[in-house]
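Undergrad: Take this structure first; my questions come after.
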Amino acid sequence: MSILPGTDYYIRVRAVTDTQESEYSDPLKITTPGSTVLPATGPAIDPIIYRTASSTTQLQLWVVDPIQEPDPWEYKISLSTVSDFSQLLYDQLTFQRQDNTSIAIENGVHYRVISVAGLSPGTTYYGKVTSSNAMSLSSPVLFTFTTKSDLPEPISIGVTNLTAITATANWIKVSGATTYRLDVADNSAFTNPVLSNIATGNVDNFDIPVLVEQTTYFYRVRSITGSTTSGNSNVVSFTTLDDIQTQPGLSSTIAAPVITQIRQIDTTQATVDWGAVPGATSYKIEASTSPTFTTIDRSITSLGTSATLDTLVPGTAYYLRLQALSAAQGSAYVTSVLSTLTVSTTLAAPQLLAPVSRTSTGFTAVWIKRSYASSYRVQLSDTTTFSTVLVEQYVGDVDQLRFEDLTPNTGYFVRVMGLNAVLRSLPSLPLSASTTADLPAPIALTPSEITASSIRLNLSLNGIFSDYLLSISKAQDSTYLGNGFYAERSIGYVSSYRVDLFLEPGQTYNYTLTGITSTGDRKTSSVYSFSTRSAPPVLSFAGDGRSIAWVGSCNRIEVSTDRDFKFLLPGHAPQTIDSTANQYSIDYLLNLPEGVYIRGYFVENGTTSEKSNRLDTCGSSVLMIYPMVTSTSAKLRWTQSKLTNYKLKLQKQVAGQAQSVPGYAFPRDIGSNQSILVENLEPGTVYIAQLSALSAAGQYVSVPPMSFRTQRYDTVQAAVFEGTLIVPSVPAPTLLHDRITLTLPATYSEYGIEYSRRSDFLVSSYLETGSGVQSIPNLDPNTTYYVRVYGLSSNKRSNPSTLTAKTASLSAPAATLIGTPVITGTTPLNEHEALLQWSGVAGATGYYIEVSESSTFPLLNTDYQVSFLSGTKAIVSGLVGTKTYYVRIYGFNGNSVSQYSSTVIVDTVP
């Protein structure tokens with residue numbers, strides 16, 4: 001069909017599929033120019049390109065719209081992936097100005113936006129665009145652009161560690177990226193780069209060094225994976241700080257580092273070492289083939305004192321410069337020179353010999369040295385092609401290298417290259433080498449003789465080993481015990497080893513055993529663990545001398561008539577007590593005709609702590625008892641004693657300083673009294689009481705001092721009521737026969753407690769205390785008390801929290817439980833341990849195991865320890881081999897004990 005000039009044409013379109021057709025579109029009228037061209041506005045104007053914007057598959061070309069009609073009528077675009085347009089993707093793709101472009105207005109300027117789709121991600125395109133009108137076709141205007149990669153751009157999020165000359169650029173990493181490239185410039189167009197296309201590695205930040213103070217910079221980042229590069233991230237700007245204002249007192253200079261050696265010089269890499277510089281936080285080393293460093297071939301910022309320059313060119317001289325960086329300065333540069341090696345095809349490679357000293361985890365590679373070589377490069381691989389290098393190491397003028405930490409019973413390949421100052425040989429022929437079969441791991445047995453600071457570790461000996469190494473570390477920090485003392489410490493070929501250094505009470509430790517063969521082969525066990533026993537509680541008399549208190553954890557009390565506790569008080573099994581109460585009444589013991597000895601310990605999860613210090617109810621030692629105080633007086637008391645003469649000195653604390661109290665400035669003789677009432681004290685004041693007792697040697701010996709505080713008020717009504725203060729929230733109390741224990745919240749640091757036997761509080765008592773677990777002491781058993789708890793703040797008091805509590809009945813421990821435990825099994829585990837099992841007794845809260853070397857139990861053995869595995873199963877340790885022991889058990893609860901079980905015999909194995 002021929003198109004005639006000066007003719008009207010009509011075009012319509014319809015869509016067609018395999019089975020149906022659409023309706024025609026509305027007709028479009030097109031008039032071809034006549035043979036006599038009508039006047040127009042002039043020749044077509046060359047398009048003015050404002051910008052190109054691209055996504056992964058689409059181009060947006062912005063051209064200035066001249067607005068005048070009808071100039072231009074249309075645009076034509078050609079695209080190619082080669083700059084000479086020899087291979088066209090699109091040829092003269094036509095866009096009607098009115099129908100196929102969109103309008104955009106920016107800063108008052110009108111643009112026509114032309115969109116082209118169907119492009120490939122991450123591809124550079126070359127384009128040309130023309131415009132035409134009824135009169136002519138413009139000249140083509142060239143442009144180029146790159147579509148965005150389908151690898152996402154990172155997101156720049158700002159700088160940290162900003163100083164006068166440094167900053168850390170940060171970004172959000174993207175999935176699929178293996179490294180990133182960073183640009184830094186002093187303008188947003190990046191036409192004057194400070195850093196350009198710097199490879200940062202697969203990280204999310206980079207330290208930008210050697211900036212200028214009080215200068216604005218810009219940075220952007222790109223994601224990289226293989227040959228694919230993402231588009232640029234968003235641009236972030238930052239301004240460095242002022243040196244003097246932000247770093248007052250900092251030296252204006254920092255010393256230059258000193259390069260100590262350049263080592264492992266090879267064809268494409270070398271390692272540079274330097275000395276640390278005081279005040280330096282990082283170092284920057286650059287390599288260039290230009291002595292003036294007009295181009296930088298390699299740049300590395302290091303936090304340490306060493307860096308490996310890689311991707312160098314073989315046989316090339318490089319100039320190096322190194323600079324130390326601090327928080328606000330950079331040192332002067334220090335320079336050096338290195339020359340990479342050239343691979344020589346004429347130098348004879350070192351000759352590998354058969355490996356020696358083969359073990360399950362290593363071997364020694366041996367080679368014949370070459371006269372030209374001053375050092376060697378040795379590689380280990382699991383393939384003959386060395387496509388994967390497992391170990392690579394440079395060594396000096398030696399003829400062997402030891403490989404360790406390899407897989408047992410595995411084949412490897414070794415090759416070696418000779419190096420001198422200029423050349424490197426080709427690799428030697430690969431030599432196969434293999435590790436020997438795996439060794440059996442050492443086996444640890446159950447530890448024994450566990451105390452708070454020592455343990456005996458037991459192991460099953462294996463004749464394949466000639467020595468064992470022991471390593472112990474704390475479970476929570478994995479540091480070797482004793483600052484490395486127990487890091488592979490040789491313990492010899494022994495079946496047990498006692499550890500009694502550096503252990504702490506109540507701690508868990510991990511340990512390993514490493515077996516060593518006569519040939520030097522070794523095998524390390526799996527990680528075992530043990531826990532030392534808890535530290536023993538420290539007992540002291542408390543209250544009015546009719547209770548004991550403790551520091552640490554204590555939930556068992558033993559009472560004996562002898563100081564070695566060979567005989568427990570008849571009918572008084574170890575008492576299970578409430579460890580959280582921190583006090584335990586011994587009223588029933590003070591009424592005995594003779595004094596008794598008391599000690600405590602802690603049992604938890606089958607583990608028993610060591611026994612506490614020993615108290616006696618009428619001994620030669622004296623302990624102060626916390627006094628009964630009012631706002632102006634205190635009744636000081638101390639424990640019963642065989643000593644008969646005492647002196648008291650009293651001081652008060654004022655602004656952290658101790659001041660004498662009139663009448664007690666010097667130790668005051670108070671005779672044989674067990675208490676004294678001190679009056680005329682100041683309210684709310686801390687006092688320190690120092691008691692001295694006359695010893696049998698005729699000298700006064702000081703008792704540990706005790707501090708106490710007088711109350712601020714004698715009644716709670718003395719504090720001003722403030723209705724806006726919060727009413728304390730007090731949970732249900734713990735009730736013993738002689739005290740009510742309250743848990744007071746941290747709402748207030750100080751509380752006033754009013755308590756009475758009467759609900760109307762006409763007769764009441766008052767005490768002050770802090771928050772936390774606190775007790776109302778010296779109460780009568782089986783008695784109902786009414787309690788009001790007030791929060792105290794300054795000189796004000798809150799509304800009270802009111803509760804009612806009844807103390808427990810006081811039952812003397814003597815009555816037996818119904819039933820008798822029956823020992824059902826005894827199993828010697830080794831020469832130090834035996835396993836006991838028994839049937840339980842209804843109502844028992846615990847069991848006590850007695851061990852003796854006589855069937856009549858005249859003396860109890862005290863050197864054994866019991867580790868409860870369950871309520872009716874325990875391991876007895878600390879026994880001596882080849883001895884016969886007699887064992888019996890009884891159950892107990894807080895008030896009574898059961899009958900003894902029948903006696904069984906335990907023979908420990910030799």
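Quick note on naming: the chains in the structure tokens go A, B, ... in the order shown, residues restart at 1 in each chain, and ligands are numbered from 1 in order of appearance.
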If you run DSSP over the backbone, which residues in range 520-684 of chain A end up strand (DSSP E)? Put them as a PyMOL selection string.
TA: chain A and resi 522-524+528-531+538-542+547-551+556-560+575-576+583-585+597-601+603-604+607-608+615-616+624-629+634-638+646-654+657-660+668-671+675-678
Undergrad: What's around Tyr646 in chain A at 9 Å? Count only C-alpha atoms, leave out sequence neighbours fewer than 3 positions away in its own chain, and write the answer as a PDB file with N, CA and C atoms, in the first residue's frame.
TA:
```pdb
ATOM      1  N   LEU A 643      32.385 -16.703 130.653  1.00  0.00           N
ATOM      2  CA  LEU A 643      33.113 -15.516 131.072  1.00  0.00           C
ATOM      3  C   LEU A 643      32.230 -14.675 131.985  1.00  0.00           C
ATOM      4  N   ARG A 668      33.403   0.855 129.528  1.00  0.00           N
ATOM      5  CA  ARG A 668      32.769   0.976 130.842  1.00  0.00           C
ATOM      6  C   ARG A 668      32.579  -0.410 131.443  1.00  0.00           C
ATOM      7  N   ASP A 669      33.038  -0.583 132.685  1.00  0.00           N
ATOM      8  CA  ASP A 669      32.934  -1.891 133.359  1.00  0.00           C
ATOM      9  C   ASP A 669      31.474  -2.121 133.743  1.00  0.00           C
ATOM     10  N   ILE A 670      30.925  -3.240 133.221  1.00  0.00           N
ATOM     11  CA  ILE A 670      29.516  -3.540 133.516  1.00  0.00           C
ATOM     12  C   ILE A 670      29.376  -4.881 134.228  1.00  0.00           C
ATOM     13  N   GLY A 671      30.477  -5.434 134.725  1.00  0.00           N
ATOM     14  CA  GLY A 671      30.434  -6.632 135.536  1.00  0.00           C
ATOM     15  C   GLY A 671      30.069  -7.870 134.753  1.00  0.00           C
ATOM     16  N   SER A 672      29.332  -8.782 135.401  1.00  0.00           N
ATOM     17  CA  SER A 672      28.990 -10.075 134.796  1.00  0.00           C
ATOM     18  C   SER A 672      27.599 -10.091 134.189  1.00  0.00           C
ATOM     19  N   ASN A 673      26.959  -8.931 134.084  1.00  0.00           N
ATOM     20  CA  ASN A 673      25.615  -8.872 133.519  1.00  0.00           C
ATOM     21  C   ASN A 673      25.615  -9.359 132.071  1.00  0.00           C
ATOM     22  N   GLN A 674      24.498  -9.938 131.662  1.00  0.00           N
ATOM     23  CA  GLN A 674      24.335 -10.402 130.291  1.00  0.00           C
ATOM     24  C   GLN A 674      23.614  -9.372 129.422  1.00  0.00           C
ATOM     25  N   LEU A 691      31.874  -4.525 122.701  1.00  0.00           N
ATOM     26  CA  LEU A 691      31.917  -5.255 123.969  1.00  0.00           C
ATOM     27  C   LEU A 691      33.270  -5.946 124.109  1.00  0.00           C
ATOM     28  N   SER A 692      33.817  -5.927 125.317  1.00  0.00           N
ATOM     29  CA  SER A 692      35.057  -6.652 125.629  1.00  0.00           C
ATOM     30  C   SER A 692      34.771  -7.613 126.763  1.00  0.00           C
ATOM     31  N   ALA A 693      35.374  -8.819 126.693  1.00  0.00           N
ATOM     32  CA  ALA A 693      35.172  -9.841 127.722  1.00  0.00           C
ATOM     33  C   ALA A 693      36.517 -10.242 128.299  1.00  0.00           C
ATOM     34  N   LEU A 694      36.539 -10.465 129.614  1.00  0.00           N
ATOM     35  CA  LEU A 694      37.764 -10.862 130.302  1.00  0.00           C
ATOM     36  C   LEU A 694      38.031 -12.336 130.038  1.00  0.00           C
ATOM     37  N   TYR A 700      41.323  -8.495 128.504  1.00  0.00           N
ATOM     38  CA  TYR A 700      40.043  -8.232 127.866  1.00  0.00           C
ATOM     39  C   TYR A 700      40.182  -8.418 126.348  1.00  0.00           C
TER      40      TYR A 700
END
```
Undergrad: Please provide the set of residues having any atom within 7 Å of Glu558 in chain A, restricted to only C-alpha atoms, with same-chain residues fewer than 5 positions apart removed, written as number ranges by chain.
TA: A: 573-575, 598-600
Undergrad: Using the selection just defined, write its residues with N, CA and C atoms as a PDB file, in the first residue's frame.
TA:
```pdb
ATOM      1  N   ALA A 573      16.872 -35.144 115.539  1.00  0.00           N
ATOM      2  CA  ALA A 573      17.450 -35.343 114.209  1.00  0.00           C
ATOM      3  C   ALA A 573      17.738 -33.977 113.589  1.00  0.00           C
ATOM      4  N   PRO A 574      18.500 -33.932 112.497  1.00  0.00           N
ATOM      5  CA  PRO A 574      18.681 -32.642 111.821  1.00  0.00           C
ATOM      6  C   PRO A 574      17.328 -32.003 111.513  1.00  0.00           C
ATOM      7  N   GLN A 575      17.147 -30.782 111.988  1.00  0.00           N
ATOM      8  CA  GLN A 575      15.883 -30.080 111.836  1.00  0.00           C
ATOM      9  C   GLN A 575      15.824 -29.383 110.475  1.00  0.00           C
ATOM     10  N   ILE A 598      25.610 -26.437 118.288  1.00  0.00           N
ATOM     11  CA  ILE A 598      24.676 -26.262 117.160  1.00  0.00           C
ATOM     12  C   ILE A 598      25.489 -25.944 115.904  1.00  0.00           C
ATOM     13  N   ARG A 599      25.113 -26.562 114.804  1.00  0.00           N
ATOM     14  CA  ARG A 599      25.682 -26.203 113.514  1.00  0.00           C
ATOM     15  C   ARG A 599      24.606 -26.382 112.437  1.00  0.00           C
ATOM     16  N   GLY A 600      24.803 -25.769 111.299  1.00  0.00           N
ATOM     17  CA  GLY A 600      23.817 -25.839 110.225  1.00  0.00           C
ATOM     18  C   GLY A 600      24.472 -26.153 108.892  1.00  0.00           C
TER      19      GLY A 600
END
```
Undergrad: Which residue, A:Gln400, A:Thr216, A:Asn197, A:Thr436, has the smallest gap to Ala164 in chain A when you use only C-alpha atoms?
TA: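 Checking each of A:Gln400, A:Thr216, A:Asn197, A:Thr436 against Ala164 in chain A, counting only C-alpha atoms, the winner is A:Thr216.
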Undergrad: How far is it from CA of Val716 in chain A to CA of Glu768 in chain A, in Å with one decimal?
TA: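 Between CA of Val716 in chain A and CA of Glu768 in chain A the gap works out to 9.1 Å.
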Undergrad: Residues at most 12 Å from Leu352 in chain A, counting only C-alpha atoms, excluding those fewer than 3 positions away in the same chain, as a PyMOL selection string?
TA: chain A and resi 349+355-356+364-370+378-379+399-401+413-418+427-433
Undergrad: Tell me, as a PyMOL selection string, which residues lie within 9 Å of Ala535 in chain A, counting only C-alpha atoms; anything in the same chain fewer than 6 positions away does not count.
TA: chain A and resi 451-453+504-506+552-553+601-602+609-612
Undergrad: Can you write out the residues you just picked, keeping N, CA, C and O atoms, as a PDB file, in the first residue's frame?
TA:
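Saved file result-v4.pdb follows:
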```pdb
ATOM      1  N   THR A 451      33.941 -30.885  98.280  1.00  0.00           N
ATOM      2  CA  THR A 451      33.774 -29.888  99.328  1.00  0.00           C
ATOM      3  C   THR A 451      33.491 -28.546  98.655  1.00  0.00           C
ATOM      4  O   THR A 451      33.313 -28.476  97.443  1.00  0.00           O
ATOM      5  N   ALA A 452      33.485 -27.503  99.463  1.00  0.00           N
ATOM      6  CA  ALA A 452      33.258 -26.169  98.897  1.00  0.00           C
ATOM      7  C   ALA A 452      34.467 -25.669  98.124  1.00  0.00           C
ATOM      8  O   ALA A 452      34.340 -24.773  97.286  1.00  0.00           O
ATOM      9  N   SER A 453      35.657 -26.238  98.373  1.00  0.00           N
ATOM     10  CA  SER A 453      36.873 -25.731  97.733  1.00  0.00           C
ATOM     11  C   SER A 453      37.758 -26.832  97.172  1.00  0.00           C
ATOM     12  O   SER A 453      38.882 -26.549  96.764  1.00  0.00           O
ATOM     13  N   GLU A 504      35.922 -22.329  94.048  1.00  0.00           N
ATOM     14  CA  GLU A 504      35.104 -21.457  94.877  1.00  0.00           C
ATOM     15  C   GLU A 504      33.821 -22.177  95.261  1.00  0.00           C
ATOM     16  O   GLU A 504      33.324 -23.021  94.499  1.00  0.00           O
ATOM     17  N   PRO A 505      33.246 -21.852  96.413  1.00  0.00           N
ATOM     18  CA  PRO A 505      32.031 -22.543  96.866  1.00  0.00           C
ATOM     19  C   PRO A 505      30.848 -22.305  95.931  1.00  0.00           C
ATOM     20  O   PRO A 505      30.689 -21.213  95.367  1.00  0.00           O
ATOM     21  N   GLY A 506      30.026 -23.343  95.756  1.00  0.00           N
ATOM     22  CA  GLY A 506      28.775 -23.207  95.028  1.00  0.00           C
ATOM     23  C   GLY A 506      28.935 -22.827  93.578  1.00  0.00           C
ATOM     24  O   GLY A 506      28.044 -22.212  93.000  1.00  0.00           O
ATOM     25  N   GLY A 552      24.252 -16.489 104.529  1.00  0.00           N
ATOM     26  CA  GLY A 552      24.303 -17.563 103.546  1.00  0.00           C
ATOM     27  C   GLY A 552      22.997 -18.343 103.577  1.00  0.00           C
ATOM     28  O   GLY A 552      21.969 -17.858 104.053  1.00  0.00           O
ATOM     29  N   SER A 553      23.034 -19.559 103.079  1.00  0.00           N
ATOM     30  CA  SER A 553      21.834 -20.404 103.015  1.00  0.00           C
ATOM     31  C   SER A 553      21.938 -21.524 104.038  1.00  0.00           C
ATOM     32  O   SER A 553      22.974 -22.181 104.156  1.00  0.00           O
ATOM     33  N   TYR A 601      23.647 -26.446 107.913  1.00  0.00           N
ATOM     34  CA  TYR A 601      24.122 -26.667 106.547  1.00  0.00           C
ATOM     35  C   TYR A 601      22.944 -26.486 105.606  1.00  0.00           C
ATOM     36  O   TYR A 601      21.804 -26.251 106.037  1.00  0.00           O
ATOM     37  N   PHE A 602      23.222 -26.597 104.322  1.00  0.00           N
ATOM     38  CA  PHE A 602      22.203 -26.324 103.303  1.00  0.00           C
ATOM     39  C   PHE A 602      22.122 -27.505 102.349  1.00  0.00           C
ATOM     40  O   PHE A 602      23.141 -27.997 101.858  1.00  0.00           O
ATOM     41  N   SER A 609      25.776 -28.667 101.469  1.00  0.00           N
ATOM     42  CA  SER A 609      26.896 -27.752 101.706  1.00  0.00           C
ATOM     43  C   SER A 609      27.772 -28.296 102.827  1.00  0.00           C
ATOM     44  O   SER A 609      27.419 -29.263 103.523  1.00  0.00           O
ATOM     45  N   GLU A 610      28.911 -27.660 103.027  1.00  0.00           N
ATOM     46  CA  GLU A 610      29.721 -27.991 104.190  1.00  0.00           C
ATOM     47  C   GLU A 610      29.026 -27.491 105.450  1.00  0.00           C
ATOM     48  O   GLU A 610      28.142 -26.630 105.396  1.00  0.00           O
ATOM     49  N   LYS A 611      29.423 -28.052 106.568  1.00  0.00           N
ATOM     50  CA  LYS A 611      28.802 -27.687 107.842  1.00  0.00           C
ATOM     51  C   LYS A 611      29.296 -26.311 108.284  1.00  0.00           C
ATOM     52  O   LYS A 611      30.423 -25.903 108.004  1.00  0.00           O
ATOM     53  N   SER A 612      28.428 -25.597 108.992  1.00  0.00           N
ATOM     54  CA  SER A 612      28.731 -24.238 109.425  1.00  0.00           C
ATOM     55  C   SER A 612      29.702 -24.241 110.599  1.00  0.00           C
ATOM     56  O   SER A 612      30.138 -25.297 111.085  1.00  0.00           O
TER      57      SER A 612
END
```
Undergrad: I need the residue nearest Ser149 in chain A from this list: A:Val494, A:Ala332, A:Ala317, A:Ile224. Use only C-alpha atoms for the distance.
TA: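 Residue with the minimum atom-to-atom distance to Ser149 in chain A: A:Ile224.
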Undergrad: Excluding Gly176 in chain A and any residue of its chain fewer than 3 positions from it, enumerate the residues within 12 Å of it, using only C-alpha atoms, and give them as a VMD selection string.
TA: chain A and resid 149 to 154 173 179 to 180 202 223 to 226 228 to 230
Undergrad: Of the residues A:Thr260, A:Thr384, A:Gln214, A:Gln269, which is the one nearest to Thr335 in chain A, using only C-alpha atoms?
TA: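 Using only C-alpha atoms, the shortest distance to Thr335 in chain A belongs to A:Thr260.
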Undergrad: Let me make sure I understand: among A:Thr517, A:Ser540, A:Thr446, A:Thr385, which one has the smallest atom-to-atom distance to Gly463 in chain A if we use only C-alpha atoms?
TA: A:Thr517
Undergrad: Compare A:Tyr9, A:Tyr283, A:Tyr890, A:Tyr126 by their minimum atom-to-atom distance to Val841 in chain A, counting only C-alpha atoms, and give me the closest one.
TA: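 Smallest distance to Val841 in chain A is found for A:Tyr890.
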Undergrad: What is the CA of Gly878 in chain A to CA of Glu449 in chain A distance in Å?
TA: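 One can read the CA of Gly878 in chain A to CA of Glu449 in chain A distance as 5.3 Å.
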Undergrad: Please measure the separation of CA of Lys76 in chain A and CA of Pro140 in chain A, giving the value in Å to one decimal.
TA: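 Going from CA of Lys76 in chain A over to CA of Pro140 in chain A covers 9.1 Å.
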Undergrad: Based on DSSP run over this structure's backbone, return all residues of range 554-756 of chain A in alpha helix (DSSP H), as a PDB file with N, CA and C atoms, in the first residue's frame.
TA:
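Output below, filename out.pdb:
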```pdb
ATOM      1  N   ASP A 587      14.640 -21.900 121.771  1.00  0.00           N
ATOM      2  CA  ASP A 587      14.089 -21.854 123.125  1.00  0.00           C
ATOM      3  C   ASP A 587      14.208 -23.201 123.824  1.00  0.00           C
ATOM      4  N   TYR A 588      13.834 -24.246 123.123  1.00  0.00           N
ATOM      5  CA  TYR A 588      13.784 -25.574 123.748  1.00  0.00           C
ATOM      6  C   TYR A 588      15.177 -26.079 124.109  1.00  0.00           C
ATOM      7  N   LEU A 589      16.226 -25.532 123.492  1.00  0.00           N
ATOM      8  CA  LEU A 589      17.588 -25.954 123.816  1.00  0.00           C
ATOM      9  C   LEU A 589      18.144 -25.213 125.018  1.00  0.00           C
ATOM     10  N   LEU A 590      17.694 -23.987 125.240  1.00  0.00           N
ATOM     11  CA  LEU A 590      18.228 -23.189 126.332  1.00  0.00           C
ATOM     12  C   LEU A 590      17.757 -23.695 127.691  1.00  0.00           C
TER      13      LEU A 590
END
```
Undergrad: With distances taken over only C-alpha atoms, which residue among A:Ser326, A:Thr769, A:Asn605, A:Thr410 lies nearest Phe363 in chain A?
TA: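 Answer, going by the shortest atom-to-atom distance: A:Thr410.
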